[in-house]
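Colleague: Here it is, the structure in full.
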Number of protein chains: 2
Amino acid sequence: MSAETPRFLKACRGETVDRAPVWMMRQAGRYLDEYRAVREKAGSFLDLCRTPDLCVEVTMQPIRRFAFDASIVFSDIMIPADAMGAEVSFVPGKGPVIGNPIRDAAGVDALISPEPEAACPYVFETIRLLRIELGETPLIGFVAAPWTLYCYMVEGGGSKNYEEAMTMLHGNPELAQRLLEKIVEYGAKHAIAEIKAGAQVLQLFDTWAVLLSHADYLRFALPAVNEVFRRVRAAVGPDVPFIYFAKGTSGVLPYLNQVECDVLSIDWQLDIARARQELGDDVVLQGNLDPLALLAGPKPTAEHTQRILDAAGGQKHVMNLGHGILPKTPIASVEALCETVRNWKA
Amino acid sequence: MSAETPRFLKACRGETVDRAPVWMMRQAGRYLDEYRAVREKAGSFLDLCRTPDLCVEVTMQPIRRFAFDASIVFSDIMIPADAMGAEVSFVPGKGPVIGNPIRDAAGVDALISPEPEAACPYVFETIRLLRIELGETPLIGFVAAPWTLYCYMVEGGGSKNYEEAMTMLHGNPELAQRLLEKIVEYGAKHAIAEIKAGAQVLQLFDTWAVLLSHADYLRFALPAVNEVFRRVRAAVGPDVPFIYFAKGTSGVLPYLNQVECDVLSIDWQLDIARARQELGDDVVLQGNLDPLALLAGPKPTAEHTQRILDAAGGQKHVMNLGHGILPKTPIASVEALCETVRNWKA
């Protein structure tokens, strides 16, 4: 076993690295034949999430194929909602559905905050198995940011405008706040359990931050994110890096320094050089390749990757996409991404 | 007839006004009973767009009910695509569909650039009738920004990720550029014809700018917008204000000063005070009320409206939503918006 700290962990901590580490959001996914093969034999998507051996297998697939610098445990942001008492299912072609959308005080009060190891032992068993399997490759655990999980729980699933979620926020902000607090409570416990099981980094996903005005982002979403990070930090100590991913947060860019994390993962619209300028030299940035560029093949992928590496400058940067990889992505594009990262010189 | 210039035109030109003018994107729409009644008797949505008497009626409905400071001709951003030879239809619950998505050189070359008055006379007839009907209320004409129309034409309709549109952009940028140029050519002619028929202001809608990285926005979307504005300016002279609306462009905020328009219409995420700070005192800003706040009723609508009016400060501001009004919006919310604007004091 090498004594060298993996470059992904070094980069997350802002230490000097030989090159930017690279991994991809949703790297265990449908663009891989071997993932689809496991997915088919697993039964439902939830069955897959609940079977540690299969979760380990699909988590390892992209590591074996591309030797990414980081691994992320295969699970789903809806698993904590399920643990809290939301009736979660996954409808093929539609995504997550909540059978009992949370839209009133009774619904909020009925949510529970169980012990994560009792409620969803398969997540933590997967992590324990992965740490053995992965060797030197660091493992990321994750939860949804509270606002994003709130959106699914109130709306009852994915949506274009999240009209129910937004109407509760605007019409009954006290109730919205209570639901956010419940999500913070269980979410922090879930994240702590992931780290105690062996996850070395924590990422929060805040996909639906994009729905909020800057004022509502600062009032509702950001404090909830920080409350999760504070609780986890208090439980796990200073050594675990925290990553915050949000989509469409260029509108709140000047406030992102207030997120109490080590790494800010940015979408593909923002110029990473401008993010650096706005946020200062201390922050580590993750991203921000356009996932659609990969669809067009290896040549545009390499060009876009090169541009981002040049703009980011090789340090305090984790190469990644600006959002999850798309199912139709050619393998050759992922190879081009990895090769460009590995060949890049300052 | 009063000699006083309407406050909407004064505000668009950056002149001092007694209060911010107010109108709403998609103000002629499904949230109004009287619109739904016309829509039902009209046949298809395209039939409605092609019948000047009905277009005049639905354009006038929100003016009669709320006395907005501006009117926008009822039409659709897909009408120019139809004029260019795309097979446009509207599928209820799904939106626009293009029967012959434009995905290769033959498709691009087959597009035509007819005389607008010959291709879609109903648009210009509607405008001529409206100018009589409207009296002092100014009339806005519009077209889609080239990039946004490109998205629909290549994709074949609305989409989550616009994978076909983005794949052509990344994989064959020369062809993408040729298609954008064709859209610029007809779009500018269409806009000029709207103004010659009587539209007093031009608004470009760039909803799908949000899909682009800052680099691609600067390379493809922004130059195409400016090319339309330049051609129209050359044809109609200096007196017609130009408005540019884009959604999710906070990521390119520092570059929006490069848009050759008089008014920048911003989405609801961005802090309007920050937009002012970043873009300078000369620009007129339009927006940026969260359309979801209106769903929650008059009280949150009034609060959000008040906050924006306070932040914008009453001058060089056109009060509007950050995106189109939603079909489920209560009338009382629109009334609260208007009342708050009319009662606002600096």
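The way I read the labels, and the way they are meant: chains A, B, ... in the order of the structure tokens, residue 1 as the first residue of every chain, and ligand 1 as the first ligand shown, with later ones counted on from there.
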Any chance you could tabulate, as JSON lines, the residues of chain B at most 6 Å from chain A with each one's nearest atom pair and distance in Å to one decimal, using only C-alpha atoms, in chain and rising number order?
Modeller:
{"residue": "B:Thr167", "atom": "CA", "partner": "A:Ala296", "partner_atom": "CA", "distance": 4.8}
{"residue": "B:His170", "atom": "CA", "partner": "A:Ala296", "partner_atom": "CA", "distance": 5.8}
{"residue": "B:Gly171", "atom": "CA", "partner": "A:Ala296", "partner_atom": "CA", "distance": 4.9}
{"residue": "B:Leu212", "atom": "CA", "partner": "A:Gln269", "partner_atom": "CA", "distance": 5.8}
{"residue": "B:Ser213", "atom": "CA", "partner": "A:Gln269", "partner_atom": "CA", "distance": 3.8}
{"residue": "B:His214", "atom": "CA", "partner": "A:Gln269", "partner_atom": "CA", "distance": 5.3}
{"residue": "B:Ser250", "atom": "CA", "partner": "A:Gly251", "partner_atom": "CA", "distance": 4.8}
{"residue": "B:Gly251", "atom": "CA", "partner": "A:Leu270", "partner_atom": "CA", "distance": 4.7}
{"residue": "B:Trp268", "atom": "CA", "partner": "A:Ser213", "partner_atom": "CA", "distance": 5.4}
{"residue": "B:Gln269", "atom": "CA", "partner": "A:Ser213", "partner_atom": "CA", "distance": 3.8}
{"residue": "B:Leu270", "atom": "CA", "partner": "A:Gly251", "partner_atom": "CA", "distance": 4.7}
{"residue": "B:Asp271", "atom": "CA", "partner": "A:His214", "partner_atom": "CA", "distance": 5.8}
{"residue": "B:Ala293", "atom": "CA", "partner": "A:His170", "partner_atom": "CA", "distance": 5.8}
{"residue": "B:Ala296", "atom": "CA", "partner": "A:Thr167", "partner_atom": "CA", "distance": 4.8}
Colleague: The selected residues should be written to file as a CSV table (one decimal), in the first residue's frame (atoms: C-alpha atoms).
Modeller:
chain,number,residue,atom,x,y,z
B,167,THR,CA,-24.7,17.5,-30.8
B,170,HIS,CA,-20.5,20.6,-31.0
B,171,GLY,CA,-20.1,18.1,-33.8
B,212,LEU,CA,-24.8,27.0,-23.6
B,213,SER,CA,-21.4,27.2,-21.9
B,214,HIS,CA,-20.2,30.8,-21.7
B,250,SER,CA,-26.5,34.8,-15.0
B,251,GLY,CA,-23.5,32.7,-16.1
B,268,TRP,CA,-35.9,35.7,-11.6
B,269,GLN,CA,-32.8,34.1,-10.1
B,270,LEU,CA,-30.6,37.1,-10.5
B,271,ASP,CA,-30.6,39.9,-8.0
B,293,ALA,CA,-44.6,33.5,-6.4
B,296,ALA,CA,-49.0,31.2,-4.1
Colleague: Residues within 10 Å of A:Pro6, please, as a PyMOL selection string. Count only C-alpha atoms; anything in the same chain fewer than 6 positions from it doesn't count.
Modeller: chain A and resi 17+21+69-70+136-138
Colleague: Restricted to C-alpha atoms, what would the selected residues look like written as a short mmCIF file (atom, residue, chain, number, x, y, z; two decimals), in the first residue's frame?
Modeller:
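Once written, again32.cif looks like this:
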data_model
loop_
_atom_site.label_atom_id
_atom_site.label_comp_id
_atom_site.auth_asym_id
_atom_site.auth_seq_id
_atom_site.Cartn_x
_atom_site.Cartn_y
_atom_site.Cartn_z
CA VAL A 17 -1.06 17.85 -7.41
CA PRO A 21 -7.88 14.51 -10.84
CA ASP A 69 -9.31 9.32 -9.70
CA ALA A 70 -12.43 9.04 -7.55
CA GLU A 136 -6.23 3.38 -3.25
CA THR A 137 -9.10 5.03 -5.13
CA PRO A 138 -10.99 7.41 -2.82
#
Colleague: Which is closer to A:Ala346 than all the others in A:Lys247, A:His323, A:Arg7, A:Arg19, using only C-alpha atoms?
Modeller: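 Going through A:Lys247, A:His323, A:Arg7, A:Arg19 one by one, the smallest distance to A:Ala346 is for A:Arg19.
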Colleague: Give the answer as one residue: which of B:Thr51, B:Thr305, B:Thr5, B:Gln286 has the shortest atom-to-atom distance to B:Asp262, using only C-alpha atoms?
Modeller: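 Nearest to B:Asp262: B:Gln286.
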Colleague: Once DSSP has gone over the backbone, tell me which residues of stretch 99-129 of chain B are in helix (DSSP H, G or I), as a list of chain:residue names.
Modeller: B:Ala105, B:Ala106, B:Gly107, B:Val108, B:Asp109, B:Ala110, B:Pro116, B:Glu117, B:Ala118, B:Ala119, B:Pro121, B:Tyr122, B:Val123, B:Phe124, B:Glu125, B:Thr126, B:Ile127, B:Arg128, B:Leu129
Colleague: Residues of the last selection are to be written out with all heavy atoms, as a compact mmCIF listing (two decimals), in the first residue's frame.
Modeller:
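Result saved to out21.txt:
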# COMPACT_ATOMS: atom_id res chain seq x y z
N ALA B 105 -27.06 19.16 -43.94
CA ALA B 105 -26.88 20.27 -44.87
C ALA B 105 -28.07 20.41 -45.81
O ALA B 105 -28.50 21.54 -46.10
CB ALA B 105 -25.59 20.05 -45.68
N ALA B 106 -28.63 19.28 -46.24
CA ALA B 106 -29.78 19.34 -47.14
C ALA B 106 -30.96 20.04 -46.45
O ALA B 106 -31.67 20.86 -47.06
CB ALA B 106 -30.18 17.93 -47.59
N GLY B 107 -31.15 19.72 -45.17
CA GLY B 107 -32.23 20.35 -44.41
C GLY B 107 -32.02 21.85 -44.27
O GLY B 107 -32.96 22.64 -44.42
N VAL B 108 -30.79 22.24 -44.01
CA VAL B 108 -30.48 23.68 -43.87
C VAL B 108 -30.68 24.39 -45.21
O VAL B 108 -31.30 25.45 -45.28
CB VAL B 108 -29.04 23.88 -43.34
CG1 VAL B 108 -28.67 25.36 -43.35
CG2 VAL B 108 -28.90 23.30 -41.94
N ASP B 109 -30.14 23.76 -46.28
CA ASP B 109 -30.23 24.40 -47.60
C ASP B 109 -31.66 24.54 -48.09
O ASP B 109 -31.98 25.44 -48.87
CB ASP B 109 -29.40 23.60 -48.62
CG ASP B 109 -27.91 23.68 -48.31
OD1 ASP B 109 -27.51 24.61 -47.57
OD2 ASP B 109 -27.15 22.81 -48.78
N ALA B 110 -32.52 23.64 -47.65
CA ALA B 110 -33.91 23.66 -48.12
C ALA B 110 -34.74 24.78 -47.48
O ALA B 110 -35.82 25.11 -47.97
CB ALA B 110 -34.57 22.31 -47.85
N PRO B 116 -41.94 38.24 -45.47
CA PRO B 116 -42.82 37.98 -44.32
C PRO B 116 -44.29 38.30 -44.60
O PRO B 116 -45.17 37.53 -44.22
CB PRO B 116 -42.24 38.88 -43.23
CG PRO B 116 -40.80 39.02 -43.59
CD PRO B 116 -40.75 39.03 -45.08
N GLU B 117 -44.54 39.42 -45.25
CA GLU B 117 -45.94 39.80 -45.50
C GLU B 117 -46.65 38.78 -46.39
O GLU B 117 -47.86 38.62 -46.31
CB GLU B 117 -46.02 41.20 -46.15
CG GLU B 117 -45.74 42.34 -45.19
CD GLU B 117 -47.00 42.85 -44.45
OE1 GLU B 117 -48.07 42.22 -44.56
OE2 GLU B 117 -46.87 43.87 -43.74
N ALA B 118 -45.89 38.08 -47.23
CA ALA B 118 -46.48 37.05 -48.08
C ALA B 118 -46.60 35.74 -47.32
O ALA B 118 -47.58 35.00 -47.47
CB ALA B 118 -45.63 36.85 -49.34
N ALA B 119 -45.60 35.44 -46.48
CA ALA B 119 -45.55 34.13 -45.82
C ALA B 119 -46.53 34.04 -44.64
O ALA B 119 -47.16 33.01 -44.43
CB ALA B 119 -44.13 33.85 -45.33
N PRO B 121 -49.06 36.77 -43.51
CA PRO B 121 -49.72 38.08 -43.51
C PRO B 121 -50.53 38.34 -42.24
O PRO B 121 -50.69 39.49 -41.82
CB PRO B 121 -50.62 38.03 -44.75
CG PRO B 121 -50.80 36.58 -45.05
CD PRO B 121 -49.53 35.92 -44.63
N TYR B 122 -51.03 37.27 -41.63
CA TYR B 122 -51.89 37.40 -40.44
C TYR B 122 -51.17 38.08 -39.27
O TYR B 122 -51.78 38.80 -38.50
CB TYR B 122 -52.42 36.03 -40.01
CG TYR B 122 -51.40 34.92 -40.09
CD1 TYR B 122 -50.55 34.66 -39.02
CD2 TYR B 122 -51.27 34.14 -41.25
CE1 TYR B 122 -49.59 33.66 -39.10
CE2 TYR B 122 -50.32 33.14 -41.33
CZ TYR B 122 -49.48 32.90 -40.25
OH TYR B 122 -48.53 31.92 -40.34
N VAL B 123 -49.84 37.88 -39.16
CA VAL B 123 -49.09 38.53 -38.07
C VAL B 123 -49.16 40.04 -38.22
O VAL B 123 -49.42 40.78 -37.25
CB VAL B 123 -47.61 38.07 -38.06
CG1 VAL B 123 -46.81 38.88 -37.03
CG2 VAL B 123 -47.49 36.58 -37.79
N PHE B 124 -48.95 40.50 -39.45
CA PHE B 124 -48.83 41.94 -39.69
C PHE B 124 -50.20 42.60 -39.75
O PHE B 124 -50.37 43.74 -39.32
CB PHE B 124 -47.97 42.16 -40.93
CG PHE B 124 -46.73 41.30 -40.86
CD1 PHE B 124 -46.61 40.12 -41.59
CD2 PHE B 124 -45.71 41.63 -39.97
CE1 PHE B 124 -45.50 39.30 -41.47
CE2 PHE B 124 -44.60 40.81 -39.84
CZ PHE B 124 -44.49 39.64 -40.60
N GLU B 125 -51.18 41.84 -40.20
CA GLU B 125 -52.56 42.32 -40.17
C GLU B 125 -53.01 42.49 -38.71
O GLU B 125 -53.64 43.50 -38.35
CB GLU B 125 -53.47 41.32 -40.91
CG GLU B 125 -54.94 41.68 -40.92
CD GLU B 125 -55.25 42.99 -41.65
OE1 GLU B 125 -54.35 43.54 -42.33
OE2 GLU B 125 -56.39 43.49 -41.51
N THR B 126 -52.65 41.54 -37.87
CA THR B 126 -52.96 41.64 -36.43
C THR B 126 -52.35 42.92 -35.84
O THR B 126 -53.01 43.66 -35.10
CB THR B 126 -52.42 40.41 -35.67
OG1 THR B 126 -53.03 39.23 -36.19
CG2 THR B 126 -52.69 40.51 -34.18
N ILE B 127 -51.11 43.17 -36.20
CA ILE B 127 -50.43 44.37 -35.68
C ILE B 127 -51.14 45.64 -36.14
O ILE B 127 -51.37 46.56 -35.35
CB ILE B 127 -48.94 44.36 -36.09
CG1 ILE B 127 -48.21 43.25 -35.32
CG2 ILE B 127 -48.29 45.72 -35.84
CD1 ILE B 127 -46.78 43.01 -35.75
N ARG B 128 -51.49 45.68 -37.42
CA ARG B 128 -52.18 46.88 -37.93
C ARG B 128 -53.51 47.10 -37.21
O ARG B 128 -53.83 48.22 -36.80
CB ARG B 128 -52.39 46.76 -39.44
CG ARG B 128 -51.12 47.07 -40.24
CD ARG B 128 -51.35 47.05 -41.77
NE ARG B 128 -51.45 45.71 -42.29
CZ ARG B 128 -50.41 45.00 -42.76
NH1 ARG B 128 -49.19 45.51 -42.80
NH2 ARG B 128 -50.59 43.77 -43.21
N LEU B 129 -54.25 46.01 -37.00
CA LEU B 129 -55.54 46.12 -36.30
C LEU B 129 -55.32 46.54 -34.84
O LEU B 129 -56.07 47.34 -34.29
CB LEU B 129 -56.29 44.78 -36.35
CG LEU B 129 -56.77 44.35 -37.74
CD1 LEU B 129 -57.28 42.90 -37.70
CD2 LEU B 129 -57.89 45.28 -38.24
Colleague: Looking at only C-alpha atoms, which of A:Ser75, A:Asn257, A:Gln277, A:Ser159 is the one that sits closest to A:Glu194?
Modeller: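 The shortest atom-to-atom distance to A:Glu194 comes from A:Ser75.
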Colleague: Identify which of the residues B:Glu227, B:Glu34, B:Glu278, B:Asp206 lies closest to B:Lys182, counting only C-alpha atoms when measuring atom-to-atom distances.
Modeller: B:Glu227
Colleague: Neighbouring residues of A:Glu181 were defined as those with any atom within 12 Å, considering only C-alpha atoms; residues of the same chain fewer than 2 positions away were excluded. Please report them as JSON, numbers by chain.
Modeller: {"A": [108, 109, 111, 112, 113, 145, 146, 147, 149, 150, 174, 175, 176, 177, 178, 179, 183, 184, 185, 186, 187, 188, 220, 221, 223, 224, 225, 226, 227, 228]}
Colleague: Considering only strand (DSSP E) as DSSP defines it on the backbone, what residues of stretch 13-251 of chain A qualify? List them as a VMD selection string.
Modeller: chain A and resid 71 to 72 88 to 91 95 to 98 139 to 144 201 to 206 242 to 246
Colleague: How would the residues just picked look written out with N, CA and C atoms as a short mmCIF file (atom, residue, chain, number, x, y, z; two decimals), in the first residue's frame?
Modeller:
data_model
loop_
_atom_site.label_atom_id
_atom_site.label_comp_id
_atom_site.auth_asym_id
_atom_site.auth_seq_id
_atom_site.Cartn_x
_atom_site.Cartn_y
_atom_site.Cartn_z
N SER A 71 -14.16 7.57 -6.92
CA SER A 71 -15.30 6.69 -7.05
C SER A 71 -16.44 7.29 -6.23
N ILE A 72 -17.68 7.09 -6.67
CA ILE A 72 -18.82 7.58 -5.89
C ILE A 72 -19.76 6.42 -5.66
N VAL A 88 -41.31 6.09 -1.93
CA VAL A 88 -40.50 6.31 -3.13
C VAL A 88 -40.60 5.11 -4.07
N SER A 89 -40.83 5.41 -5.34
CA SER A 89 -40.66 4.37 -6.37
C SER A 89 -40.02 5.05 -7.58
N PHE A 90 -39.56 4.23 -8.51
CA PHE A 90 -38.95 4.76 -9.73
C PHE A 90 -39.73 4.23 -10.91
N VAL A 91 -40.26 5.15 -11.70
CA VAL A 91 -41.05 4.77 -12.86
C VAL A 91 -40.15 4.89 -14.10
N GLY A 95 -38.53 8.62 -13.80
CA GLY A 95 -37.71 8.96 -12.64
C GLY A 95 -38.46 8.73 -11.33
N PRO A 96 -38.01 9.39 -10.25
CA PRO A 96 -38.58 9.13 -8.93
C PRO A 96 -40.02 9.63 -8.80
N VAL A 97 -40.82 8.85 -8.11
CA VAL A 97 -42.20 9.24 -7.81
C VAL A 97 -42.42 9.03 -6.32
N ILE A 98 -43.07 10.01 -5.69
CA ILE A 98 -43.42 9.90 -4.27
C ILE A 98 -44.92 9.66 -4.18
N LEU A 139 -13.28 7.15 -2.15
CA LEU A 139 -14.71 6.91 -2.30
C LEU A 139 -15.50 8.13 -1.80
N ILE A 140 -16.42 8.60 -2.64
CA ILE A 140 -17.28 9.74 -2.29
C ILE A 140 -18.64 9.21 -1.84
N GLY A 141 -19.12 9.70 -0.71
CA GLY A 141 -20.51 9.50 -0.32
C GLY A 141 -21.31 10.74 -0.65
N PHE A 142 -22.62 10.63 -0.71
CA PHE A 142 -23.41 11.80 -1.10
C PHE A 142 -24.80 11.76 -0.49
N VAL A 143 -25.39 12.94 -0.39
CA VAL A 143 -26.83 13.10 -0.16
C VAL A 143 -27.29 14.27 -1.03
N ALA A 144 -28.60 14.37 -1.22
CA ALA A 144 -29.15 15.56 -1.85
C ALA A 144 -29.02 16.73 -0.89
N VAL A 201 -15.04 11.37 1.24
CA VAL A 201 -15.42 12.70 0.79
C VAL A 201 -16.94 12.72 0.77
N LEU A 202 -17.53 13.89 1.01
CA LEU A 202 -19.00 14.02 0.95
C LEU A 202 -19.38 15.03 -0.12
N GLN A 203 -20.30 14.65 -1.00
CA GLN A 203 -20.82 15.62 -1.98
C GLN A 203 -22.31 15.83 -1.77
N LEU A 204 -22.74 17.08 -1.73
CA LEU A 204 -24.16 17.43 -1.69
C LEU A 204 -24.60 17.86 -3.09
N PHE A 205 -25.74 17.33 -3.53
CA PHE A 205 -26.27 17.64 -4.86
C PHE A 205 -27.45 18.60 -4.72
N ASP A 206 -27.34 19.78 -5.32
CA ASP A 206 -28.41 20.77 -5.21
C ASP A 206 -28.91 21.18 -6.59
N PHE A 242 -15.61 18.35 1.81
CA PHE A 242 -17.02 18.48 1.41
C PHE A 242 -17.08 19.16 0.04
N ILE A 243 -17.91 18.59 -0.83
CA ILE A 243 -18.13 19.17 -2.17
C ILE A 243 -19.59 19.59 -2.27
N TYR A 244 -19.83 20.76 -2.82
CA TYR A 244 -21.20 21.21 -3.06
C TYR A 244 -21.41 21.39 -4.56
N PHE A 245 -22.34 20.61 -5.10
CA PHE A 245 -22.68 20.76 -6.52
C PHE A 245 -24.04 21.43 -6.63
N ALA A 246 -24.12 22.47 -7.41
CA ALA A 246 -25.42 23.07 -7.69
C ALA A 246 -25.47 23.43 -9.16
#
Colleague: Provide the atom CA of A:Val22 to atom CA of A:Leu54 distance in Å, to one decimal place.
Modeller: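 So the answer is 23.8 Å.
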Colleague: Pick from A:Met319, A:Ala86, A:Val259, A:Leu46: nearest to A:Arg230, with only C-alpha atoms counted?
Modeller: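 Of A:Met319, A:Ala86, A:Val259, A:Leu46, the one nearest A:Arg230 is A:Val259, counting only C-alpha atoms.
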Colleague: Which distance in Å separates atom CA of A:Met84 and atom CA of A:Met153, to one decimal?
Modeller: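 Value for the atom CA of A:Met84-atom CA of A:Met153 distance: 10.4 Å.
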Colleague: Write out as a PDB file with N, CA, C and O atoms, in the first residue's frame each polymer residue whose atoms come within 10 Å of B:Asp33, counting only C-alpha atoms; drop sequence neighbours fewer than 4 positions from it.
Modeller:
ATOM      1  N   GLY B  29     -52.913  34.703 -22.139  1.00  0.00           N
ATOM      2  CA  GLY B  29     -52.674  33.273 -21.982  1.00  0.00           C
ATOM      3  C   GLY B  29     -53.693  32.564 -21.127  1.00  0.00           C
ATOM      4  O   GLY B  29     -54.716  33.135 -20.734  1.00  0.00           O
ATOM      5  N   ALA B  37     -61.606  30.698 -23.492  1.00  0.00           N
ATOM      6  CA  ALA B  37     -62.844  30.664 -24.283  1.00  0.00           C
ATOM      7  C   ALA B  37     -62.539  30.878 -25.768  1.00  0.00           C
ATOM      8  O   ALA B  37     -63.057  30.154 -26.630  1.00  0.00           O
ATOM      9  N   VAL B  38     -61.671  31.835 -26.063  1.00  0.00           N
ATOM     10  CA  VAL B  38     -61.302  32.076 -27.472  1.00  0.00           C
ATOM     11  C   VAL B  38     -60.525  30.888 -28.024  1.00  0.00           C
ATOM     12  O   VAL B  38     -60.762  30.419 -29.138  1.00  0.00           O
ATOM     13  N   ARG B  39     -59.602  30.389 -27.209  1.00  0.00           N
ATOM     14  CA  ARG B  39     -58.751  29.270 -27.615  1.00  0.00           C
ATOM     15  C   ARG B  39     -59.594  28.051 -28.008  1.00  0.00           C
ATOM     16  O   ARG B  39     -59.308  27.377 -29.000  1.00  0.00           O
ATOM     17  N   GLN B  61     -57.231  41.301 -24.301  1.00  0.00           N
ATOM     18  CA  GLN B  61     -57.855  40.844 -23.041  1.00  0.00           C
ATOM     19  C   GLN B  61     -57.092  41.298 -21.783  1.00  0.00           C
ATOM     20  O   GLN B  61     -57.697  41.878 -20.880  1.00  0.00           O
ATOM     21  N   ILE B 331     -55.940  35.193 -10.809  1.00  0.00           N
ATOM     22  CA  ILE B 331     -56.114  36.584 -11.252  1.00  0.00           C
ATOM     23  C   ILE B 331     -55.735  37.557 -10.127  1.00  0.00           C
ATOM     24  O   ILE B 331     -55.130  38.604 -10.365  1.00  0.00           O
TER      25      ILE B 331
END
